[in-house]
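Raw run15.tsv, TSV, C-alpha atoms:
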```tsv
chain	number	residue	atom	x	y	z
A	292	MET	CA	0.00	0.00	0.00
A	293	PRO	CA	1.38	3.43	-0.87
A	294	THR	CA	2.52	5.39	2.14
A	295	THR	CA	3.73	8.68	0.69
A	296	SER	CA	2.03	12.06	0.56
A	297	THR	CA	2.16	14.25	-2.51
A	298	GLY	CA	2.19	18.02	-2.77
A	299	SER	CA	-1.12	19.63	-3.67
A	300	GLY	CA	-0.59	23.34	-4.25
A	301	ARG	CA	-3.14	23.63	-7.06
A	302	ALA	CA	-5.91	26.14	-6.45
A	303	GLY	CA	-8.60	23.54	-7.18
A	304	ALA	CA	-7.81	21.73	-3.97
A	305	LEU	CA	-7.58	24.89	-1.90
A	306	VAL	CA	-10.73	26.87	-2.63
A	307	LEU	CA	-12.82	25.11	0.01
A	308	PRO	CA	-14.01	27.60	2.64
A	309	GLN	CA	-12.93	27.46	6.26
A	310	ALA	CA	-15.18	26.04	8.99
A	311	PRO	CA	-16.89	28.44	11.42
A	312	GLU	CA	-14.84	29.80	14.32
A	313	GLY	CA	-15.45	32.02	17.32
A	314	PHE	CA	-18.92	33.56	17.66
A	315	ARG	CA	-20.13	31.81	14.49
A	316	LYS	CA	-19.47	28.50	16.25
A	317	VAL	CA	-21.58	29.60	19.24
A	318	LEU	CA	-24.45	30.47	16.91
A	319	LYS	CA	-24.13	27.08	15.27
A	320	ALA	CA	-24.28	25.43	18.71
A	321	LEU	CA	-27.57	27.17	19.46
A	322	ARG	CA	-29.05	25.72	16.25
A	323	ALA	CA	-27.46	22.25	16.45
A	324	ARG	CA	-29.45	19.12	17.20
A	325	PRO	CA	-28.24	15.91	18.87
A	326	PRO	CA	-27.55	12.83	16.68
A	327	LEU	CA	-30.56	10.78	15.67
A	328	ARG	CA	-31.36	7.57	17.51
A	329	SER	CA	-33.17	5.00	15.40
A	330	ALA	CA	-35.25	2.30	17.09
A	331	ARG	CA	-35.23	0.13	13.96
A	332	LEU	CA	-31.76	-1.22	13.46
A	333	PRO	CA	-30.86	-3.56	10.58
A	334	ALA	CA	-29.36	-6.94	11.36
A	335	GLU	CA	-25.59	-6.81	11.17
A	336	PRO	CA	-22.69	-9.26	11.41
A	337	PRO	CA	-20.99	-9.73	14.79
A	338	TRP	CA	-17.60	-8.18	15.48
A	339	ARG	CA	-14.67	-10.61	15.86
A	340	SER	CA	-11.18	-9.85	17.18
A	341	ARG	CA	-9.75	-11.76	14.24
A	342	PHE	CA	-10.88	-8.86	12.03
A	343	VAL	CA	-7.88	-6.83	13.24
A	344	ALA	CA	-5.09	-7.14	10.68
A	345	PRO	CA	-1.75	-8.37	12.04
A	346	GLY	CA	1.28	-6.09	11.94
A	347	GLY	CA	1.14	-3.54	9.17
A	348	ALA	CA	3.51	-0.74	8.23
A	349	GLY	CA	3.12	2.85	7.20
A	350	ALA	CA	5.02	6.10	7.18
A	351	VAL	CA	4.89	8.32	10.28
A	352	THR	CA	5.41	12.08	10.06
A	353	SER	CA	6.27	13.83	13.32
A	354	LEU	CA	4.86	17.05	14.76
A	355	ARG	CA	8.40	18.39	14.68
A	356	GLU	CA	8.27	18.08	10.88
A	357	PHE	CA	5.17	20.30	11.02
A	358	GLY	CA	7.16	22.97	12.83
A	359	TYR	CA	6.13	22.27	16.41
A	360	ARG	CA	8.87	22.83	18.99
A	361	ASP	CA	10.01	20.25	21.54
A	362	GLU	CA	8.49	22.21	24.42
A	363	GLU	CA	5.09	22.10	22.69
A	364	LEU	CA	4.98	18.30	22.60
A	365	TRP	CA	3.10	16.43	25.30
A	366	ARG	CA	5.15	14.25	27.64
A	367	TRP	CA	4.50	11.59	30.26
A	368	ARG	CA	7.43	10.38	32.36
A	369	GLY	CA	9.91	10.60	29.53
A	370	ARG	CA	7.53	9.49	26.76
A	371	VAL	CA	6.74	11.97	23.99
A	372	ASP	CA	3.59	12.35	21.88
A	373	ASP	CA	5.08	13.32	18.50
A	374	ALA	CA	3.03	11.60	15.78
A	375	ALA	CA	1.33	14.02	13.39
A	376	ILE	CA	0.28	11.69	10.54
A	377	ALA	CA	0.66	7.92	10.27
A	378	GLY	CA	-0.19	5.59	7.42
A	379	PRO	CA	-1.99	4.74	5.41
A	380	TRP	CA	-2.00	1.13	6.58
A	381	ARG	CA	-4.52	-1.68	6.96
A	382	VAL	CA	-6.00	-2.03	10.44
A	383	LEU	CA	-8.71	-4.52	9.33
A	384	THR	CA	-8.55	-7.76	7.40
A	385	ASP	CA	-10.51	-8.12	4.16
A	386	GLU	CA	-13.24	-9.98	6.05
A	387	GLY	CA	-13.46	-7.30	8.72
A	388	LEU	CA	-13.49	-4.54	6.10
A	389	ASP	CA	-16.35	-6.21	4.21
A	390	CYS	CA	-18.39	-6.53	7.40
A	391	LEU	CA	-17.76	-2.91	8.41
A	392	THR	CA	-18.67	-1.70	4.92
A	393	THR	CA	-21.96	-3.60	5.11
A	394	VAL	CA	-22.76	-2.11	8.51
A	395	CYS	CA	-22.03	1.46	7.38
A	396	ARG	CA	-24.15	1.07	4.25
A	397	GLN	CA	-27.06	-0.20	6.33
A	398	LEU	CA	-26.81	2.82	8.63
A	399	GLU	CA	-26.80	5.38	5.81
A	400	GLY	CA	-30.53	5.97	6.14
A	401	ALA	CA	-29.95	7.51	9.58
A	402	ALA	CA	-27.35	10.00	8.31
A	403	GLN	CA	-28.05	13.73	8.50
A	404	ASP	CA	-26.93	16.76	6.50
A	405	ALA	CA	-23.70	17.91	8.06
A	406	GLY	CA	-23.37	21.52	6.98
A	407	PHE	CA	-19.70	22.47	6.91
A	408	THR	CA	-18.16	19.03	7.47
A	409	ALA	CA	-19.45	16.51	4.90
A	410	THR	CA	-22.33	15.84	2.53
A	411	ARG	CA	-24.08	13.64	5.11
A	412	ARG	CA	-22.85	12.03	8.30
A	413	LEU	CA	-23.90	9.80	11.17
A	414	ARG	CA	-22.51	10.89	14.54
A	415	ALA	CA	-22.25	8.48	17.48
A	416	ALA	CA	-22.45	5.50	15.14
A	417	ASP	CA	-21.30	3.19	17.94
A	418	LEU	CA	-24.51	3.96	19.84
A	419	LEU	CA	-26.50	2.55	16.91
A	420	SER	CA	-24.23	-0.29	15.81
A	421	PRO	CA	-23.07	-3.12	18.11
A	422	PHE	CA	-20.46	-4.00	15.47
A	423	ILE	CA	-18.83	-0.56	15.60
A	424	ALA	CA	-19.22	-0.32	19.39
A	425	ASN	CA	-17.42	-3.64	19.88
A	426	MET	CA	-14.79	-2.86	17.25
A	427	ILE	CA	-13.61	0.39	18.83
A	428	ARG	CA	-13.57	-1.26	22.28
A	429	ASP	CA	-11.73	-4.37	21.16
A	430	ARG	CA	-8.34	-4.63	22.87
A	431	ASP	CA	-6.57	-5.82	19.70
A	432	PHE	CA	-8.00	-2.93	17.69
A	433	LEU	CA	-6.97	-0.40	20.34
A	434	LEU	CA	-3.47	-1.85	20.59
A	435	ALA	CA	-3.05	-1.73	16.81
A	436	CYS	CA	-3.95	1.97	16.80
A	437	SER	CA	-1.93	2.73	19.94
A	438	LYS	CA	1.25	1.09	18.64
A	439	ARG	CA	0.94	2.93	15.34
A	440	VAL	CA	0.80	6.32	17.10
A	441	GLY	CA	3.03	5.50	20.08
A	442	VAL	CA	0.64	6.39	22.92
A	443	PRO	CA	-2.01	4.34	24.79
A	444	LEU	CA	-5.44	4.96	23.26
A	445	ILE	CA	-9.02	4.13	24.26
A	446	PRO	CA	-12.42	5.34	22.95
A	447	HIS	CA	-13.03	8.95	23.86
A	448	PRO	CA	-15.13	9.39	27.04
A	449	LEU	CA	-17.12	12.13	25.28
A	450	ARG	CA	-18.88	9.27	23.41
A	451	LEU	CA	-20.90	11.25	20.83
A	452	PRO	CA	-17.92	12.23	18.61
A	453	THR	CA	-16.10	8.89	18.96
A	454	ALA	CA	-17.40	7.17	15.80
A	455	GLN	CA	-18.70	9.10	12.80
A	456	ILE	CA	-19.60	7.80	9.34
A	457	ASN	CA	-19.22	10.30	6.48
A	458	TYR	CA	-21.13	9.81	3.23
A	459	GLY	CA	-20.02	11.86	0.22
A	460	GLU	CA	-22.06	11.79	-3.00
A	461	GLY	CA	-21.43	13.18	-6.46
A	462	ARG	CA	-24.90	14.50	-7.12
A	463	GLY	CA	-24.09	18.09	-7.93
A	464	ARG	CA	-23.85	19.05	-4.25
A	465	GLN	CA	-20.57	20.66	-3.22
A	466	GLY	CA	-20.44	18.82	0.08
A	467	GLY	CA	-16.74	18.53	0.72
A	468	VAL	CA	-15.18	18.99	4.14
A	469	ARG	CA	-14.11	22.58	4.74
A	470	TRP	CA	-10.69	23.53	6.04
A	471	HIS	CA	-10.72	22.93	9.78
A	472	ARG	CA	-8.88	21.38	12.67
A	473	ASP	CA	-10.57	18.89	14.96
A	474	GLY	CA	-11.42	19.12	18.61
A	475	MET	CA	-10.21	15.53	18.84
A	476	ASP	CA	-6.50	14.79	19.03
A	477	TYR	CA	-6.20	11.16	17.85
A	478	VAL	CA	-8.29	10.70	14.71
A	479	PHE	CA	-8.30	7.58	12.52
A	480	THR	CA	-10.06	7.61	9.14
A	481	LEU	CA	-10.94	4.22	7.60
A	482	GLN	CA	-11.61	4.29	3.85
A	483	LEU	CA	-14.63	2.09	3.06
A	484	SER	CA	-14.55	2.94	-0.65
A	485	GLY	CA	-11.67	3.48	-3.04
A	486	TYR	CA	-10.81	5.96	-5.76
A	487	GLU	CA	-12.38	3.60	-8.27
A	488	ASP	CA	-15.75	4.29	-6.58
A	489	TYR	CA	-15.76	8.09	-6.84
A	490	ASP	CA	-14.13	11.20	-8.29
A	491	GLY	CA	-12.91	13.99	-6.03
A	492	GLY	CA	-12.93	13.32	-2.30
A	493	ARG	CA	-9.20	13.93	-1.85
A	494	PHE	CA	-7.90	14.26	1.70
A	495	THR	CA	-5.77	17.41	1.82
A	496	TYR	CA	-3.83	18.85	4.73
A	497	PHE	CA	-1.44	21.67	5.58
A	498	GLN	CA	2.01	20.49	6.69
A	499	GLY	CA	2.68	23.33	9.08
A	500	ARG	CA	1.66	24.73	12.42
A	501	THR	CA	-1.98	25.74	12.81
A	502	ASP	CA	-0.95	29.35	13.48
A	503	GLU	CA	0.84	29.38	10.11
A	504	PHE	CA	-2.19	28.22	8.10
A	505	PRO	CA	-2.50	30.75	5.24
A	506	GLY	CA	-6.25	30.31	4.78
A	507	PRO	CA	-8.35	28.84	1.95
A	508	GLY	CA	-7.46	29.66	-1.62
A	509	ARG	CA	-3.83	30.58	-0.94
A	510	GLN	CA	-0.88	29.00	-2.72
A	511	ASP	CA	1.63	27.37	-0.39
A	512	SER	CA	4.09	24.53	-0.98
A	513	ARG	CA	3.12	22.99	2.37
A	514	PHE	CA	-0.30	21.85	1.19
A	515	ARG	CA	-0.33	18.07	0.78
A	516	GLU	CA	-2.65	15.35	-0.49
A	517	ALA	CA	-2.65	12.13	1.53
A	518	ASP	CA	-2.28	9.00	-0.61
A	519	CYS	CA	-5.16	7.09	0.97
A	520	GLY	CA	-7.39	6.19	-1.94
A	521	GLU	CA	-7.23	2.42	-1.51
A	522	ARG	CA	-10.29	0.79	0.03
A	523	GLY	CA	-9.36	-0.32	3.55
A	524	ALA	CA	-6.64	2.29	4.02
A	525	THR	CA	-6.46	3.78	7.50
A	526	LEU	CA	-4.93	7.21	8.06
A	527	PHE	CA	-4.07	8.70	11.46
A	528	LEU	CA	-4.13	12.46	11.93
A	529	HIS	CA	-3.35	14.50	15.04
A	530	GLY	CA	-6.53	16.35	14.25
A	531	SER	CA	-6.29	19.29	16.63
A	532	ARG	CA	-2.83	20.32	15.39
A	533	ILE	CA	-3.33	20.00	11.63
A	534	PHE	CA	-5.59	21.94	9.29
A	535	HIS	CA	-7.20	19.56	6.81
A	536	ALA	CA	-10.04	19.31	4.30
A	537	VAL	CA	-11.64	16.92	1.81
A	538	THR	CA	-12.45	18.08	-1.71
A	539	PRO	CA	-16.05	17.59	-2.90
A	540	VAL	CA	-17.05	14.24	-4.36
A	541	THR	CA	-18.08	15.04	-7.95
A	542	LYS	CA	-19.05	11.53	-9.04
A	543	GLY	CA	-19.82	8.27	-7.28
A	544	HIS	CA	-20.04	7.52	-3.56
A	545	ARG	CA	-17.40	7.92	-0.84
A	546	VAL	CA	-17.84	6.38	2.62
A	547	THR	CA	-15.42	6.73	5.53
A	548	LEU	CA	-15.55	5.83	9.21
A	549	VAL	CA	-13.80	8.34	11.46
A	550	VAL	CA	-12.81	6.99	14.89
A	551	SER	CA	-11.61	9.48	17.52
A	552	LEU	CA	-9.60	7.95	20.33
A	553	PHE	CA	-8.24	9.35	23.58
A	554	CYS	CA	-5.03	9.09	25.60
A	555	PRO	CA	-5.97	9.04	29.31
A	556	TYR	CA	-2.46	10.14	30.30
A	557	PHE	CA	-2.92	13.40	28.37
A	558	ALA	CA	-6.47	14.10	29.53
A	559	ARG	CA	-5.57	17.53	30.86
A	560	GLN	CA	-4.22	18.51	27.45
A	561	ASP	CA	-7.32	17.30	25.59
A	562	SER	CA	-8.02	19.85	22.88
A	563	ASN	CA	-11.82	19.73	22.91
A	564	THR	CA	-13.73	22.84	23.88
A	565	PHE	CA	-17.34	22.94	24.98
A	566	TRP	CA	-18.46	25.13	22.09
A	567	HIS	CA	-16.65	23.04	19.49
A	568	LEU	CA	-18.66	20.01	20.65
A	569	ALA	CA	-21.91	21.91	21.07
A	570	ALA	CA	-21.65	23.21	17.51
A	571	ASP	CA	-22.01	19.61	16.34
A	572	ASP	CA	-24.41	18.09	18.87
A	573	GLY	CA	-26.24	20.94	20.55
A	574	ILE	CA	-25.87	22.23	24.10
A	575	PRO	CA	-28.18	19.77	25.96
A	576	ALA	CA	-26.43	16.70	24.52
A	577	THR	CA	-22.96	18.17	25.12
A	578	VAL	CA	-23.32	18.94	28.86
A	579	PRO	CA	-23.32	15.31	30.17
A	580	CYS	CA	-20.50	14.35	27.78
A	581	TRP	CA	-18.43	17.32	28.95
A	582	LEU	CA	-18.91	16.36	32.60
A	583	ARG	CA	-17.82	12.79	31.83
A	584	LEU	CA	-14.56	14.15	30.43
A	585	LYS	CA	-13.85	16.76	33.09
A	586	ARG	CA	-14.66	14.88	36.30
A	587	PRO	CA	-11.48	14.34	38.38
A	588	VAL	CA	-9.69	10.98	38.25
A	589	ARG	CA	-7.22	9.18	40.50
A	590	ASN	CA	-5.91	6.59	38.04
A	591	PRO	CA	-6.23	7.98	34.48
A	592	ALA	CA	-5.84	4.67	32.65
A	593	VAL	CA	-8.45	2.87	34.76
A	594	ASP	CA	-10.92	5.67	35.44
A	595	TYR	CA	-11.22	6.90	31.86
A	596	SER	CA	-11.46	3.34	30.55
A	597	LEU	CA	-14.43	2.75	32.85
A	598	ARG	CA	-16.10	5.93	31.60
A	599	ALA	CA	-15.57	4.88	27.98
A	600	GLY	CA	-16.59	1.24	28.55
A	601	SER	CA	-13.17	0.18	27.31
A	602	PRO	CA	-10.41	-2.25	28.26
A	603	VAL	CA	-7.45	-0.59	29.95
A	604	VAL	CA	-4.46	0.25	27.73
A	605	THR	CA	-1.22	1.39	29.39
A	606	TRP	CA	2.28	2.37	28.31
A	607	ASP	CA	3.48	-1.13	29.19
A	608	ASP	CA	1.14	-2.57	26.55
A	609	LEU	CA	3.05	-0.75	23.81
A	610	ARG	CA	6.35	-2.53	24.44
```
Do you think you could lay out the structure here as structure tokens?
Amino acid sequence: MPTTSTGSGRAGALVLPQAPEGFRKVLKALRARPPLRSARLPAEPPWRSRFVAPGGAGAVTSLREFGYRDEELWRWRGRVDDAAIAGPWRVLTDEGLDCLTTVCRQLEGAAQDAGFTATRRLRAADLLSPFIANMIRDRDFLLACSKRVGVPLIPHPLRLPTAQINYGEGRGRQGGVRWHRDGMDYVFTLQLSGYEDYDGGRFTYFQGRTDEFPGPGRQDSRFREADCGERGATLFLHGSRIFHAVTPVTKGHRVTLVVSLFCPYFARQDSNTFWHLAADDGIPATVPCWLRLKRPVRNPAVDYSLRAGSPVVTWDDLR
């Protein structure tokens, strides 16, 4: 599987607008609604630990290569969080990928218009799908992601943003993903369709610090296009520290599952803000999630794992 990233300084990939910030985000939060909950769920295959692909390799680009200084990197007892982008690589076997693709297609009817982020999306997919819920809480899956990034990861205790399915369609709607950075820090995007299934839909990012982002439509040699067009490719992005976008799908159908994980040892540095979350899910749905994240803990690895309904993953597991 290709692991390189190519430059993408052409204007066509850069004219996407930028996502709302500041007071515009507060206004969006006041209008936002919580994710839909469907009582009628389609039958789906069961999750199996054997669906996690063994090993796997992929390029890793460090935050230092994006211009971040050593003192800006998070540390825990001598360990450094320095991964900016990793992959693409295969985290699921062919059998697991086929099952996940089937599940996400069956859930498409519950997807909603997503405004500035995608054509349509389904937030909190793990609350609707036992397959996805069990996948992102499977110890083998979490270890595969943790070892790729170099820090212990579990599902995010915020719950609602943890698993999101994006559906992009080439039906004349310019529903790409605007330039933005995530509230989540550890974001994994699983490609459930390949370039042969659609035109457009290119994952583009800015290889520089967020405070150096020149804005949409500007020419800059640091704009890149991630080479993740193969079905089954998984790409990690340190979402809060990297501006990124997806160009509109002009033909065909693009489906991705975005899984946002959490390092309990860096809970105090978590980049989420209340209004960033509320802009997606509304204020009433955000309050209990926010309290789940911010309540004090004694043992981060254990306490946050209990809140996320996850097995415990520690630094020792990454050896």
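Distances here use all atoms listed in the file; by that measure, the residue among A:Met426, A:Ala536, A:Cys580, A:Leu483 closest to A:Thr393 is A:Leu483.
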Using only C-alpha atoms, which residues sit within 10 Å of A:Glu399 once same-chain residues fewer than 2 positions away are excluded, as a ChimeraX atom specification?
/A:394-397,401-403,411-413,456-458,546
Tell me which protein, DNA and RNA residues are within 8 Å of A:Val351, counting all atoms listed in the file, leaving out same-chain ones fewer than 6 positions away, and put them as a ChimeraX atom specification.
/A:374-378
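Relative to atom CA of A:Gly530, atom CA of A:Phe479 is found at 9.1 Å.
A straight line drawn from atom CA of A:Asp361 to atom CA of A:Asp373 is 9.0 Å long.
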Using all atoms listed in the file, the residue out of A:Ala592, A:Ala415, A:Leu354, A:Val578 with shortest distance to A:Ser531 is A:Leu354
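Among the candidates A:Ile533, A:Gln455, A:Pro448, A:Leu552, the residue lying nearest to A:Pro579 is A:Pro448 (atoms considered: only C-alpha atoms).
Proximity to A:Phe557 at 9 Å, evaluated using all atoms listed in the file and with sequence-adjacent residues fewer than 3 positions away removed, yields Trp365, Arg366, Trp367, Phe553, Cys554, Gln560, Asp561 and Pro591 of chain A.
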Include C-alpha atoms and write out the residues we just selected as a PDB file, in the frame of the given file.
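Result saved to again-v4.pdb:
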```pdb
ATOM      1  CA  TRP A 365       3.100  16.430  25.300  1.00  0.00           C
ATOM      2  CA  ARG A 366       5.150  14.250  27.640  1.00  0.00           C
ATOM      3  CA  TRP A 367       4.500  11.590  30.260  1.00  0.00           C
ATOM      4  CA  PHE A 553      -8.240   9.350  23.580  1.00  0.00           C
ATOM      5  CA  CYS A 554      -5.030   9.090  25.600  1.00  0.00           C
ATOM      6  CA  GLN A 560      -4.220  18.510  27.450  1.00  0.00           C
ATOM      7  CA  ASP A 561      -7.320  17.300  25.590  1.00  0.00           C
ATOM      8  CA  PRO A 591      -6.230   7.980  34.480  1.00  0.00           C
TER       9      PRO A 591
END
```
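For the atom pair formed by atom CA of A:Gly600 and atom CA of A:Leu434, the distance is 15.7 Å, given to one decimal.
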Would you be able to write out as a PyMOL selection string which residues have an atom within 10 Å of (-14.8, -3.2, 22.7) in the file's coordinates, counting all atoms listed in the file?
chain A and resi 338+340+421-433+445-446+599-602
Missing atoms in stretch 513-529 of chain A need filling: write out N, CA, C and O atoms for it as a short mmCIF file (atom, residue, chain, number, x, y, z; two decimals), in the coordinates of the input.
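Result went into part.cif, see below:
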```cif
data_model
loop_
_atom_site.label_atom_id
_atom_site.label_comp_id
_atom_site.auth_asym_id
_atom_site.auth_seq_id
_atom_site.Cartn_x
_atom_site.Cartn_y
_atom_site.Cartn_z
N ARG A 513 3.34 23.92 1.27
CA ARG A 513 3.12 22.99 2.37
C ARG A 513 1.77 22.30 2.33
O ARG A 513 1.47 21.46 3.19
N PHE A 514 0.94 22.60 1.35
CA PHE A 514 -0.30 21.85 1.19
C PHE A 514 0.02 20.47 0.62
O PHE A 514 0.82 20.34 -0.31
N ARG A 515 -0.59 19.45 1.17
CA ARG A 515 -0.33 18.07 0.78
C ARG A 515 -1.64 17.32 0.53
O ARG A 515 -2.69 17.68 1.07
N GLU A 516 -1.54 16.26 -0.29
CA GLU A 516 -2.65 15.35 -0.49
C GLU A 516 -2.24 13.97 0.01
O GLU A 516 -1.24 13.42 -0.44
N ALA A 517 -2.97 13.43 0.97
CA ALA A 517 -2.65 12.13 1.53
C ALA A 517 -3.01 11.03 0.53
O ALA A 517 -4.08 11.04 -0.07
N ASP A 518 -2.10 10.09 0.35
CA ASP A 518 -2.28 9.00 -0.61
C ASP A 518 -3.05 7.87 0.06
O ASP A 518 -2.48 6.84 0.42
N CYS A 519 -4.35 8.09 0.24
CA CYS A 519 -5.16 7.09 0.97
C CYS A 519 -6.41 6.73 0.19
O CYS A 519 -7.51 6.69 0.74
N GLY A 520 -6.24 6.48 -1.09
CA GLY A 520 -7.39 6.19 -1.94
C GLY A 520 -7.74 4.72 -2.05
O GLY A 520 -8.73 4.37 -2.69
N GLU A 521 -6.95 3.85 -1.44
CA GLU A 521 -7.23 2.42 -1.51
C GLU A 521 -8.29 2.04 -0.49
O GLU A 521 -8.22 2.45 0.68
N ARG A 522 -9.27 1.26 -0.90
CA ARG A 522 -10.29 0.79 0.03
C ARG A 522 -9.62 0.01 1.16
O ARG A 522 -8.81 -0.87 0.92
N GLY A 523 -9.96 0.32 2.40
CA GLY A 523 -9.36 -0.32 3.55
C GLY A 523 -8.22 0.45 4.16
O GLY A 523 -7.75 0.11 5.26
N ALA A 524 -7.75 1.49 3.48
CA ALA A 524 -6.64 2.29 4.02
C ALA A 524 -7.09 3.01 5.27
O ALA A 524 -8.21 3.54 5.35
N THR A 525 -6.21 3.05 6.26
CA THR A 525 -6.46 3.78 7.50
C THR A 525 -5.40 4.86 7.64
O THR A 525 -4.21 4.59 7.50
N LEU A 526 -5.84 6.08 7.91
CA LEU A 526 -4.93 7.21 8.06
C LEU A 526 -5.13 7.82 9.44
O LEU A 526 -6.26 8.13 9.84
N PHE A 527 -4.02 7.99 10.19
CA PHE A 527 -4.07 8.70 11.46
C PHE A 527 -3.70 10.15 11.26
O PHE A 527 -2.78 10.47 10.51
N LEU A 528 -4.41 11.03 11.97
CA LEU A 528 -4.13 12.46 11.93
C LEU A 528 -4.24 13.01 13.35
O LEU A 528 -5.20 12.71 14.06
N HIS A 529 -3.24 13.78 13.77
CA HIS A 529 -3.35 14.50 15.04
C HIS A 529 -4.24 15.71 14.77
O HIS A 529 -3.79 16.81 14.49
#
```
